[in-house]
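Raw contents of data_5.pdb, PDB, C-alpha atoms:
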ATOM      1  CA  MET O 117     -46.695-134.625  22.716
ATOM      2  CA  ILE O 118     -45.483-133.199  26.033
ATOM      3  CA  ALA O 119     -46.239-134.224  29.612
ATOM      4  CA  LEU O 120     -44.874-132.915  32.871
ATOM      5  CA  GLY O 121     -42.918-135.429  34.942
ATOM      6  CA  ILE O 122     -42.711-134.730  38.684
ATOM      7  CA  ASP O 123     -40.704-136.494  41.378
ATOM      8  CA  ILE O 124     -41.778-135.752  44.960
ATOM      9  CA  GLY O 125     -39.453-136.778  47.771
ATOM     10  CA  GLY O 126     -39.180-136.138  51.470
ATOM     11  CA  SER O 127     -36.996-133.059  50.970
ATOM     12  CA  HIS O 128     -37.652-131.862  47.418
ATOM     13  CA  ILE O 129     -39.871-131.621  44.374
ATOM     14  CA  THR O 130     -38.334-131.923  40.904
ATOM     15  CA  ALA O 131     -40.170-131.380  37.643
ATOM     16  CA  ALA O 132     -39.439-131.297  33.911
ATOM     17  CA  LYS O 133     -41.229-131.304  30.601
ATOM     18  CA  VAL O 134     -40.926-134.651  28.834
ATOM     19  CA  ASP O 135     -41.314-135.233  25.110
ATOM     20  CA  LEU O 136     -43.263-138.487  25.015
ATOM     21  CA  GLU O 137     -42.382-139.161  21.390
ATOM     22  CA  SER O 138     -38.611-138.861  21.809
ATOM     23  CA  ARG O 139     -38.942-140.256  25.377
ATOM     24  CA  SER O 140     -36.612-137.629  26.757
ATOM     25  CA  ILE O 141     -36.593-134.503  28.912
ATOM     26  CA  ILE O 142     -36.810-131.230  27.035
ATOM     27  CA  ALA O 143     -33.531-129.402  27.616
ATOM     28  CA  GLY O 144     -33.679-126.480  30.022
ATOM     29  CA  THR O 145     -37.053-127.346  31.579
ATOM     30  CA  THR O 146     -35.901-129.174  34.728
ATOM     31  CA  SER O 147     -36.485-127.409  38.028
ATOM     32  CA  ARG O 148     -35.818-128.579  41.601
ATOM     33  CA  THR O 149     -36.970-126.974  44.834
ATOM     34  CA  ALA O 150     -36.271-127.944  48.438
ATOM     35  CA  VAL O 151     -39.444-128.604  50.426
ATOM     36  CA  ASP O 152     -40.051-129.316  54.096
ATOM     37  CA  ALA O 153     -42.219-132.450  54.140
ATOM     38  CA  ASN O 154     -43.603-131.473  57.557
ATOM     39  CA  LEU O 155     -45.303-128.308  56.347
ATOM     40  CA  ASN O 156     -49.046-128.200  56.856
ATOM     41  CA  ALA O 157     -51.136-129.416  53.931
ATOM     42  CA  GLU O 158     -51.983-125.964  52.596
ATOM     43  CA  GLU O 159     -48.365-124.772  52.578
ATOM     44  CA  LEU O 160     -47.124-128.022  51.062
ATOM     45  CA  LEU O 161     -49.649-128.069  48.230
ATOM     46  CA  ASN O 162     -49.132-124.367  47.473
ATOM     47  CA  THR O 163     -45.334-124.828  47.375
ATOM     48  CA  TRP O 164     -45.667-127.725  44.934
ATOM     49  CA  CYS O 165     -48.083-125.819  42.733
ATOM     50  CA  GLY O 166     -45.917-122.708  42.670
ATOM     51  CA  MET O 167     -43.045-124.752  41.342
ATOM     52  CA  ILE O 168     -45.247-126.595  38.822
ATOM     53  CA  GLU O 169     -46.652-123.280  37.582
ATOM     54  CA  GLY O 170     -43.114-122.108  36.867
ATOM     55  CA  VAL O 171     -42.226-125.181  34.826
ATOM     56  CA  TYR O 172     -45.533-125.025  32.981
ATOM     57  CA  ALA O 173     -45.123-121.390  31.945
ATOM     58  CA  GLU O 174     -46.466-120.718  28.462
ATOM     59  CA  THR O 175     -48.064-124.168  28.211
ATOM     60  CA  ASP O 176     -51.635-124.537  26.954
ATOM     61  CA  ARG O 177     -53.503-125.819  30.014
ATOM     62  CA  SER O 178     -56.004-127.680  27.848
ATOM     63  CA  ALA O 179     -53.117-129.990  26.944
ATOM     64  CA  ALA O 180     -51.455-130.097  30.362
ATOM     65  CA  TYR O 181     -50.823-133.686  31.398
ATOM     66  CA  ILE O 182     -49.013-134.384  34.664
ATOM     67  CA  GLY O 183     -47.435-137.585  35.969
ATOM     68  CA  ILE O 184     -46.262-137.611  39.591
ATOM     69  CA  ALA O 185     -43.902-140.068  41.294
ATOM     70  CA  MET O 186     -45.042-140.172  44.908
ATOM     71  CA  PRO O 187     -43.923-142.226  47.924
ATOM     72  CA  GLY O 188     -46.394-144.584  49.528
ATOM     73  CA  PRO O 189     -48.564-145.643  51.063
ATOM     74  CA  PHE O 190     -50.771-143.819  48.585
ATOM     75  CA  ASP O 191     -53.940-144.581  46.626
ATOM     76  CA  TYR O 192     -52.361-143.951  43.229
ATOM     77  CA  GLU O 193     -55.582-144.330  41.250
ATOM     78  CA  ALA O 194     -57.691-141.984  43.374
ATOM     79  CA  GLY O 195     -54.801-139.674  44.320
ATOM     80  CA  ILE O 196     -55.330-139.933  48.086
ATOM     81  CA  SER O 197     -52.394-139.895  50.514
ATOM     82  CA  LEU O 198     -52.361-142.715  53.082
ATOM     83  CA  ILE O 199     -49.082-141.677  54.738
ATOM     84  CA  LYS O 200     -49.480-141.304  58.497
ATOM     85  CA  ASP O 201     -46.708-143.138  60.384
ATOM     86  CA  GLN O 202     -43.684-141.669  58.613
ATOM     87  CA  PRO O 203     -41.687-138.478  59.294
ATOM     88  CA  LYS O 204     -42.935-136.920  56.043
ATOM     89  CA  PHE O 205     -46.243-135.845  54.518
ATOM     90  CA  ARG O 206     -48.232-136.811  57.619
ATOM     91  CA  ASN O 207     -50.292-133.651  57.183
ATOM     92  CA  LEU O 208     -51.573-134.958  53.842
ATOM     93  CA  TYR O 209     -53.152-138.063  55.369
ATOM     94  CA  GLN O 210     -56.528-138.845  53.759
ATOM     95  CA  ILE O 211     -56.339-135.732  51.560
ATOM     96  CA  ASN O 212     -57.186-136.128  47.890
ATOM     97  CA  VAL O 213     -53.954-134.697  46.516
ATOM     98  CA  LYS O 214     -55.114-135.093  42.923
ATOM     99  CA  ASN O 215     -58.190-132.903  43.448
ATOM    100  CA  GLU O 216     -56.305-130.330  45.505
ATOM    101  CA  LEU O 217     -53.576-129.945  42.879
ATOM    102  CA  ALA O 218     -56.113-129.794  40.051
ATOM    103  CA  LYS O 219     -58.033-127.017  41.809
ATOM    104  CA  ARG O 220     -54.922-124.914  42.383
ATOM    105  CA  LEU O 221     -53.550-125.498  38.873
ATOM    106  CA  ASN O 222     -56.915-124.973  37.165
ATOM    107  CA  LEU O 223     -56.767-128.456  35.612
ATOM    108  CA  GLU O 224     -59.154-131.356  35.346
ATOM    109  CA  PRO O 225     -58.318-134.021  37.966
ATOM    110  CA  ALA O 226     -58.240-136.556  35.129
ATOM    111  CA  ASN O 227     -55.156-134.746  33.767
ATOM    112  CA  ILE O 228     -53.107-135.802  36.798
ATOM    113  CA  ARG O 229     -51.815-139.339  37.313
ATOM    114  CA  PHE O 230     -49.649-140.851  40.054
ATOM    115  CA  ILE O 231     -47.052-143.614  40.148
ATOM    116  CA  ASN O 232     -45.149-145.172  43.030
ATOM    117  CA  ASP O 233     -41.787-143.442  43.463
ATOM    118  CA  ALA O 234     -39.837-146.720  43.641
ATOM    119  CA  ALA O 235     -41.488-147.957  40.437
ATOM    120  CA  SER O 236     -40.958-144.692  38.551
ATOM    121  CA  PHE O 237     -37.185-145.248  38.287
ATOM    122  CA  LEU O 238     -37.700-148.533  36.440
ATOM    123  CA  GLN O 239     -40.633-147.129  34.460
ATOM    124  CA  GLY O 240     -38.308-144.441  33.109
ATOM    125  CA  GLU O 241     -35.529-146.894  32.223
ATOM    126  CA  VAL O 242     -38.001-149.134  30.379
ATOM    127  CA  PHE O 243     -39.672-146.217  28.611
ATOM    128  CA  GLY O 244     -36.559-144.367  27.485
ATOM    129  CA  GLY O 245     -33.403-145.792  29.066
ATOM    130  CA  ALA O 246     -31.307-148.905  29.547
ATOM    131  CA  ALA O 247     -34.226-151.347  29.252
ATOM    132  CA  ARG O 248     -36.167-149.528  26.557
ATOM    133  CA  ASP O 249     -39.048-151.675  25.263
ATOM    134  CA  ARG O 250     -37.951-154.767  27.216
ATOM    135  CA  GLN O 251     -40.931-156.857  28.282
ATOM    136  CA  LYS O 252     -40.062-158.162  31.764
ATOM    137  CA  VAL O 253     -37.524-156.217  33.810
ATOM    138  CA  ILE O 254     -36.300-156.188  37.403
ATOM    139  CA  GLY O 255     -34.994-152.847  38.674
ATOM    140  CA  LEU O 256     -32.839-152.370  41.758
ATOM    141  CA  THR O 257     -31.731-149.048  43.226
ATOM    142  CA  LEU O 258     -28.643-149.568  45.356
ATOM    143  CA  GLY O 259     -27.753-146.719  47.687
ATOM    144  CA  THR O 260     -28.503-145.601  51.238
ATOM    145  CA  GLY O 261     -31.455-147.980  50.977
ATOM    146  CA  LEU O 262     -32.554-150.787  48.671
ATOM    147  CA  GLY O 263     -35.317-150.214  46.145
ATOM    148  CA  ALA O 264     -36.764-153.015  44.049
ATOM    149  CA  SER O 265     -39.346-152.908  41.298
ATOM    150  CA  PHE O 266     -40.687-155.128  38.537
ATOM    151  CA  CYS O 267     -41.972-154.148  35.116
ATOM    152  CA  ALA O 268     -44.114-156.345  32.877
ATOM    153  CA  ASP O 269     -45.507-155.150  29.542
ATOM    154  CA  GLY O 270     -44.435-151.574  30.178
ATOM    155  CA  VAL O 271     -46.004-151.160  33.638
ATOM    156  CA  ALA O 272     -43.675-150.972  36.656
ATOM    157  CA  VAL O 273     -44.717-151.734  40.236
ATOM    158  CA  ASP O 274     -42.913-151.493  43.566
ATOM    159  CA  ALA O 275     -41.642-154.939  44.592
ATOM    160  CA  ALA O 276     -41.014-153.741  48.191
ATOM    161  CA  LEU O 277     -38.222-156.240  48.885
ATOM    162  CA  TRP O 278     -35.984-154.033  51.052
ATOM    163  CA  ASN O 279     -37.108-155.717  54.272
ATOM    164  CA  SER O 280     -37.353-159.288  52.981
ATOM    165  CA  PRO O 281     -35.527-161.846  55.176
ATOM    166  CA  PHE O 282     -31.937-162.317  54.026
ATOM    167  CA  LYS O 283     -29.029-164.026  55.754
ATOM    168  CA  GLU O 284     -28.938-162.854  59.383
ATOM    169  CA  GLY O 285     -31.271-159.909  58.862
ATOM    170  CA  ILE O 286     -33.057-158.235  55.945
ATOM    171  CA  ALA O 287     -31.952-157.548  52.379
ATOM    172  CA  GLU O 288     -31.195-153.874  52.988
ATOM    173  CA  ASP O 289     -28.699-154.832  55.726
ATOM    174  CA  TYR O 290     -26.452-156.396  53.059
ATOM    175  CA  LEU O 291     -27.285-154.416  49.911
ATOM    176  CA  SER O 292     -26.941-150.773  50.943
ATOM    177  CA  THR O 293     -24.250-148.242  51.790
ATOM    178  CA  ARG O 294     -24.251-149.095  55.478
ATOM    179  CA  TRP O 295     -23.096-152.659  54.754
ATOM    180  CA  PHE O 296     -20.005-151.347  52.940
ATOM    181  CA  LEU O 297     -19.171-149.024  55.829
ATOM    182  CA  SER O 298     -19.595-151.651  58.529
ATOM    183  CA  ARG O 299     -17.771-154.347  56.530
ATOM    184  CA  TYR O 300     -14.777-152.097  55.889
ATOM    185  CA  GLU O 301     -14.591-151.180  59.565
ATOM    186  CA  ALA O 302     -14.884-154.854  60.581
ATOM    187  CA  LEU O 303     -11.987-155.834  58.306
ATOM    188  CA  THR O 304      -9.664-152.884  58.942
ATOM    189  CA  GLY O 305     -10.721-151.204  62.175
ATOM    190  CA  LYS O 306     -10.970-147.968  60.163
ATOM    191  CA  GLN O 307     -13.861-145.934  58.833
ATOM    192  CA  VAL O 308     -14.676-144.832  55.303
ATOM    193  CA  SER O 309     -17.120-142.078  54.387
ATOM    194  CA  GLY O 310     -19.004-143.886  51.629
ATOM    195  CA  VAL O 311     -18.956-146.305  48.722
ATOM    196  CA  LYS O 312     -17.378-143.771  46.346
ATOM    197  CA  ALA O 313     -14.569-143.125  48.826
ATOM    198  CA  LEU O 314     -13.991-146.862  49.057
ATOM    199  CA  THR O 315     -14.027-147.169  45.263
ATOM    200  CA  ASP O 316     -11.440-144.397  44.894
ATOM    201  CA  MET O 317      -9.211-145.715  47.665
ATOM    202  CA  SER O 318      -5.612-146.453  46.584
ATOM    203  CA  THR O 319      -4.719-148.279  49.807
ATOM    204  CA  ASP O 320      -6.171-151.512  51.209
ATOM    205  CA  GLU O 321      -6.642-152.815  47.656
ATOM    206  CA  ALA O 322      -7.015-156.440  48.787
ATOM    207  CA  VAL O 323      -9.657-155.460  51.328
ATOM    208  CA  LYS O 324     -11.508-153.340  48.784
ATOM    209  CA  GLN O 325     -11.545-156.224  46.312
ATOM    210  CA  GLN O 326     -12.805-158.614  48.980
ATOM    211  CA  ILE O 327     -15.637-156.292  49.999
ATOM    212  CA  PHE O 328     -16.907-155.735  46.466
ATOM    213  CA  GLU O 329     -16.662-159.447  45.670
ATOM    214  CA  GLU O 330     -18.704-160.229  48.770
ATOM    215  CA  PHE O 331     -21.264-157.616  47.756
ATOM    216  CA  GLY O 332     -21.555-159.139  44.271
ATOM    217  CA  LYS O 333     -22.171-162.564  45.786
ATOM    218  CA  HIS O 334     -24.783-161.153  48.180
ATOM    219  CA  LEU O 335     -26.563-159.449  45.292
ATOM    220  CA  ALA O 336     -26.614-162.672  43.272
ATOM    221  CA  GLU O 337     -27.955-164.651  46.228
ATOM    222  CA  PHE O 338     -30.682-162.047  46.726
ATOM    223  CA  LEU O 339     -31.620-162.070  43.031
ATOM    224  CA  VAL O 340     -31.898-165.833  42.465
ATOM    225  CA  PRO O 341     -35.377-166.361  43.990
ATOM    226  CA  PHE O 342     -36.588-163.122  42.354
ATOM    227  CA  LEU O 343     -35.332-164.384  38.983
ATOM    228  CA  ASP O 344     -37.045-167.731  39.511
ATOM    229  CA  GLN O 345     -40.333-166.051  40.379
ATOM    230  CA  GLU O 346     -40.471-163.317  37.739
ATOM    231  CA  GLN O 347     -38.403-164.793  34.867
ATOM    232  CA  PRO O 348     -37.210-161.376  33.620
ATOM    233  CA  ASP O 349     -35.308-160.795  30.390
ATOM    234  CA  THR O 350     -33.300-157.876  31.871
ATOM    235  CA  ILE O 351     -32.061-156.543  35.213
ATOM    236  CA  VAL O 352     -31.395-152.807  35.592
ATOM    237  CA  LEU O 353     -29.160-151.564  38.398
ATOM    238  CA  GLY O 354     -29.355-147.942  39.513
ATOM    239  CA  GLY O 355     -28.447-145.872  42.553
ATOM    240  CA  ASN O 356     -25.036-144.616  43.668
ATOM    241  CA  ILE O 357     -23.603-148.073  44.355
ATOM    242  CA  SER O 358     -24.230-149.092  40.737
ATOM    243  CA  ASN O 359     -21.527-146.589  39.721
ATOM    244  CA  ALA O 360     -19.020-149.049  41.226
ATOM    245  CA  HIS O 361     -20.282-151.922  39.048
ATOM    246  CA  PRO O 362     -16.861-152.748  37.531
ATOM    247  CA  LEU O 363     -15.783-153.826  41.017
ATOM    248  CA  PHE O 364     -18.732-156.091  41.877
ATOM    249  CA  MET O 365     -20.131-157.137  38.486
ATOM    250  CA  PRO O 366     -17.662-160.017  37.844
ATOM    251  CA  ALA O 367     -18.580-161.683  41.149
ATOM    252  CA  LEU O 368     -22.292-161.058  40.539
ATOM    253  CA  LEU O 369     -22.254-162.628  37.070
ATOM    254  CA  GLU O 370     -20.043-165.525  38.170
ATOM    255  CA  GLN O 371     -22.329-166.347  41.078
ATOM    256  CA  LEU O 372     -25.440-166.204  38.884
ATOM    257  CA  ASN O 373     -23.787-168.558  36.417
ATOM    258  CA  VAL O 374     -22.818-170.944  39.235
ATOM    259  CA  ALA O 375     -26.475-170.918  40.286
ATOM    260  CA  SER O 376     -27.484-171.560  36.651
ATOM    261  CA  ARG O 377     -29.323-168.212  36.493
ATOM    262  CA  PRO O 378     -27.473-166.264  33.788
ATOM    263  CA  ALA O 379     -28.988-162.822  33.299
ATOM    264  CA  VAL O 380     -28.731-159.725  31.129
ATOM    265  CA  ILE O 381     -27.695-156.936  33.495
ATOM    266  CA  LYS O 382     -27.676-153.290  32.459
ATOM    267  CA  ILE O 383     -26.644-150.173  34.359
ATOM    268  CA  ALA O 384     -29.263-147.421  34.483
ATOM    269  CA  GLU O 385     -28.719-144.715  31.875
ATOM    270  CA  LEU O 386     -31.041-141.927  32.984
ATOM    271  CA  GLN O 387     -29.871-141.441  36.587
ATOM    272  CA  GLU O 388     -31.989-138.752  38.291
ATOM    273  CA  ASP O 389     -34.014-138.200  35.110
ATOM    274  CA  ALA O 390     -35.427-141.740  35.280
ATOM    275  CA  SER O 391     -38.175-140.916  37.777
ATOM    276  CA  LEU O 392     -39.229-137.796  35.865
ATOM    277  CA  ILE O 393     -39.442-139.655  32.556
ATOM    278  CA  GLY O 394     -41.108-142.606  34.268
ATOM    279  CA  ALA O 395     -43.763-140.385  35.828
ATOM    280  CA  ALA O 396     -44.472-138.579  32.558
ATOM    281  CA  SER O 397     -44.725-141.907  30.728
ATOM    282  CA  CYS O 398     -48.009-142.514  32.556
ATOM    283  CA  TRP O 399     -49.359-140.635  29.532
ATOM    284  CA  GLN O 400     -47.655-142.656  26.800
ATOM    285  CA  SER O 401     -51.050-144.026  25.768
ATOM    286  CA  LEU O 402     -51.805-140.583  24.317
ATOM    287  CA  VAL O 403     -48.919-140.985  21.876
ATOM    288  CA  GLN O 404     -49.969-144.503  20.976
ATOM    289  CA  ALA O 405     -53.516-143.286  20.306
ATOM    290  CA  SER O 406     -52.495-140.297  18.194
TER     291      SER O 406
END
Show how you would write the structure in this file as structure tokens.
Amino acid sequence: MIALGIDIGGSHITAAKVDLESRSIIAGTTSRTAVDANLNAEELLNTWCGMIEGVYAETDRSAAYIGIAMPGPFDYEAGISLIKDQPKFRNLYQINVKNELAKRLNLEPANIRFINDAASFLQGEVFGGAARDRQKVIGLTLGTGLGASFCADGVAVDAALWNSPFKEGIAEDYLSTRWFLSRYEALTGKQVSGVKALTDMSTDEAVKQQIFEEFGKHLAEFLVPFLDQEQPDTIVLGGNISNAHPLFMPALLEQLNVASRPAVIKIAELQEDASLIGAASCWQSLVQAS
């Protein structure tokens, strides 16, 4: 059984056909298009639908099931956008996106489902990736920002912890790319372009090691209350910073053990495909029922 997984962001729309039985993207069906999130509603919806039409070429519309990862605030059940105070999608405020897409695509509104974009990453990893079939999972996306989600019994939700109080500020101040940049500059008086550049650096080895050890300790400190509250069996780390896990993982695991919170930590396997697979998996009940 096939469903279309769609990931809508502030600058793009990406879509792919997903085989719900193999829990994977069908090779050669992924398409990505740049989109200006400040277009008026009509232009935005038509741009999305034009791209979806292309991916759905030669698909029987009576069996067209669509799952969409969409940023909030959004009424995911009804399909109504509640975004009004952000520099994206303001022109969709109070519009029933589900009905508008269904009309343009000649589909029943019931054939379109939505999921929070932060939750879709973890939904994909639980459905077909690093945490496949795990029961209680915490997912963190570590990059320019901090995303956090929680999945219980196969259903992921946005944990919205990026702005939770942490140390002298909020969690995202210490668990995102900008912390690495500012910490490196504070220790050396020099600038570095990003976490990958710092990872690849052959000079300042002692400083690099110190920074990643500090990051691992920060991440452990952030996770402890979350672990106590949710009691997960697995933690999945994604985002660009997770690619540097060999440098911060020892400190993370050591600190969790010191705090008597040992945990199974896995690195995300699906990367950018996670959100597409997660969105499409909104329809996994069809496979279970067949």
Where does the PyMOL selection byres ((chain O and resi 199) around 7) land in this file, that is, which residues does it pick, as a tab-separated table (two decimals) with C-alpha atoms, in the frame of the given file?
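Output contents, as saved in part08.tsv:
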chain	number	residue	atom	x	y	z
O	188	GLY	CA	-46.39	-144.58	49.53
O	189	PRO	CA	-48.56	-145.64	51.06
O	190	PHE	CA	-50.77	-143.82	48.58
O	197	SER	CA	-52.39	-139.90	50.51
O	198	LEU	CA	-52.36	-142.72	53.08
O	200	LYS	CA	-49.48	-141.30	58.50
O	201	ASP	CA	-46.71	-143.14	60.38
O	202	GLN	CA	-43.68	-141.67	58.61
O	205	PHE	CA	-46.24	-135.84	54.52
O	206	ARG	CA	-48.23	-136.81	57.62
O	209	TYR	CA	-53.15	-138.06	55.37
I would like the residues chosen by the PyMOL selection byres ((chain O and resi 376-381) around 7) on the shown file; could you give them as a PDB file with C-alpha atoms, keeping the file's coordinate frame?
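Writing done, so here's selection34.pdb:
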ATOM      1  CA  VAL O 340     -31.898-165.833  42.465  1.00  0.00           C
ATOM      2  CA  ASP O 349     -35.308-160.795  30.390  1.00  0.00           C
ATOM      3  CA  THR O 350     -33.300-157.876  31.871  1.00  0.00           C
ATOM      4  CA  ILE O 351     -32.061-156.543  35.213  1.00  0.00           C
ATOM      5  CA  VAL O 352     -31.395-152.807  35.592  1.00  0.00           C
ATOM      6  CA  LEU O 372     -25.440-166.204  38.884  1.00  0.00           C
ATOM      7  CA  ASN O 373     -23.787-168.558  36.417  1.00  0.00           C
ATOM      8  CA  VAL O 374     -22.818-170.944  39.235  1.00  0.00           C
ATOM      9  CA  ALA O 375     -26.475-170.918  40.286  1.00  0.00           C
ATOM     10  CA  LYS O 382     -27.676-153.290  32.459  1.00  0.00           C
ATOM     11  CA  ILE O 383     -26.644-150.173  34.359  1.00  0.00           C
TER      12      ILE O 383
END
Around (-37.9, -154.2, 36.8) in the file's frame, which residues reach within 9 Å when counting all atoms listed in the file? Return as an NGL selection string? :O and (235 or 238-239 or 241-242 or 247 or 252-256 or 264-268 or 272-275 or 348 or 350-352)
Selection from above, C-alpha atoms, as a short mmCIF file (atom, residue, chain, number, x, y, z; two decimals), keeping the file's coordinate frame, can you write it?
data_model
loop_
_atom_site.label_atom_id
_atom_site.label_comp_id
_atom_site.auth_asym_id
_atom_site.auth_seq_id
_atom_site.Cartn_x
_atom_site.Cartn_y
_atom_site.Cartn_z
CA ALA O 235 -41.49 -147.96 40.44
CA LEU O 238 -37.70 -148.53 36.44
CA GLN O 239 -40.63 -147.13 34.46
CA GLU O 241 -35.53 -146.89 32.22
CA VAL O 242 -38.00 -149.13 30.38
CA ALA O 247 -34.23 -151.35 29.25
CA LYS O 252 -40.06 -158.16 31.76
CA VAL O 253 -37.52 -156.22 33.81
CA ILE O 254 -36.30 -156.19 37.40
CA GLY O 255 -34.99 -152.85 38.67
CA LEU O 256 -32.84 -152.37 41.76
CA ALA O 264 -36.76 -153.01 44.05
CA SER O 265 -39.35 -152.91 41.30
CA PHE O 266 -40.69 -155.13 38.54
CA CYS O 267 -41.97 -154.15 35.12
CA ALA O 268 -44.11 -156.34 32.88
CA ALA O 272 -43.68 -150.97 36.66
CA VAL O 273 -44.72 -151.73 40.24
CA ASP O 274 -42.91 -151.49 43.57
CA ALA O 275 -41.64 -154.94 44.59
CA PRO O 348 -37.21 -161.38 33.62
CA THR O 350 -33.30 -157.88 31.87
CA ILE O 351 -32.06 -156.54 35.21
CA VAL O 352 -31.40 -152.81 35.59
#
Point out the residue among O:Asn162, O:Ser127, O:Thr315, O:Gln345 with the least atom-to-atom distance to Arg148 of chain O, counting all atoms listed in the file.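 So, comparing all the options, the nearest one is O:Ser127.
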Please check which residues have atoms at most 12 Å from (-21.3, -145.3, 51.0) in the file's coordinates, counting all atoms listed in the file, and write them as JSON, numbers by chain. {"O": [258, 259, 260, 261, 291, 292, 293, 294, 295, 296, 297, 298, 299, 300, 307, 308, 309, 310, 311, 312, 313, 314, 315, 316, 355, 356, 357, 358, 359, 360]}
Spell out the residues picked by the PyMOL selection byres ((chain O and resi 215-224) around 8) here, as a list of chain:residue names.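 Listing what the PyMOL selection byres ((chain O and resi 215-224) around 8) selects in the shown file: O:Leu161, O:Asn162, O:Cys165, O:Glu169, O:Arg177, O:Ser178, O:Ala180, O:Gly195, O:Asn212, O:Val213, O:Lys214, O:Pro225, O:Ala226, O:Asn227, O:Ile228.
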State, in Å with one decimal place, the distance from atom CA of Gly121 of chain O to atom CA of Asn232 of chain O.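 Value for the atom CA of Gly121 of chain O-atom CA of Asn232 of chain O distance: 12.9 Å.
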Go ahead and compute the interatomic distance for atom CA of Ala396 of chain O and atom CA of Arg139 of chain O, in Å to one decimal.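 If I compute the distance from atom CA of Ala396 of chain O to atom CA of Arg139 of chain O, I get 9.2 Å.
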Residue nearest Lys333 of chain O - candidates O:Ala390, O:Ala302, O:Leu120, O:Ala367, atoms counted: only C-alpha atoms: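 Checking each of O:Ala390, O:Ala302, O:Leu120, O:Ala367 against Lys333 of chain O, counting only C-alpha atoms, the winner is O:Ala367.
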Nearest candidate to Ile142 of chain O (options O:Glu301, O:Glu193, O:Met117, O:Gly126; using only C-alpha atoms):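 When distances to Ile142 of chain O are compared using only C-alpha atoms, the smallest one comes from O:Met117.
One finds atom CA of Pro187 of chain O at 17.5 Å from atom CA of Thr163 of chain O.
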Check the smallest atom-to-atom distance from each of O:Leu277, O:Leu136, O:Cys398, O:Leu208 to Phe338 of chain O using all atoms listed in the file, then report the winner. O:Leu277
Pick the closest to Arg229 of chain O from O:Leu386, O:Ala194, O:Ile141, O:Ala322: which is it, counting only C-alpha atoms?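 Checking each candidate against Arg229 of chain O, we get O:Ala194 as the closest.
Here the question is which of O:Asn207, O:Arg248, O:Ile231, O:Gln347 gets nearest to Asn156 of chain O using all atoms listed in the file, and that residue is O:Asn207.
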Give me the box for segment 309-328 of chain O as lines of an AutoDock Vina configuration file, namely the centre and edge lengths in Å to one decimal of a box along x, y and z that holds every listed atom plus 4 Å on each side.
center_x = -11.9
center_y = -150.3
center_z = 49.6
size_x = 22.3
size_y = 24.5
size_z = 17.5
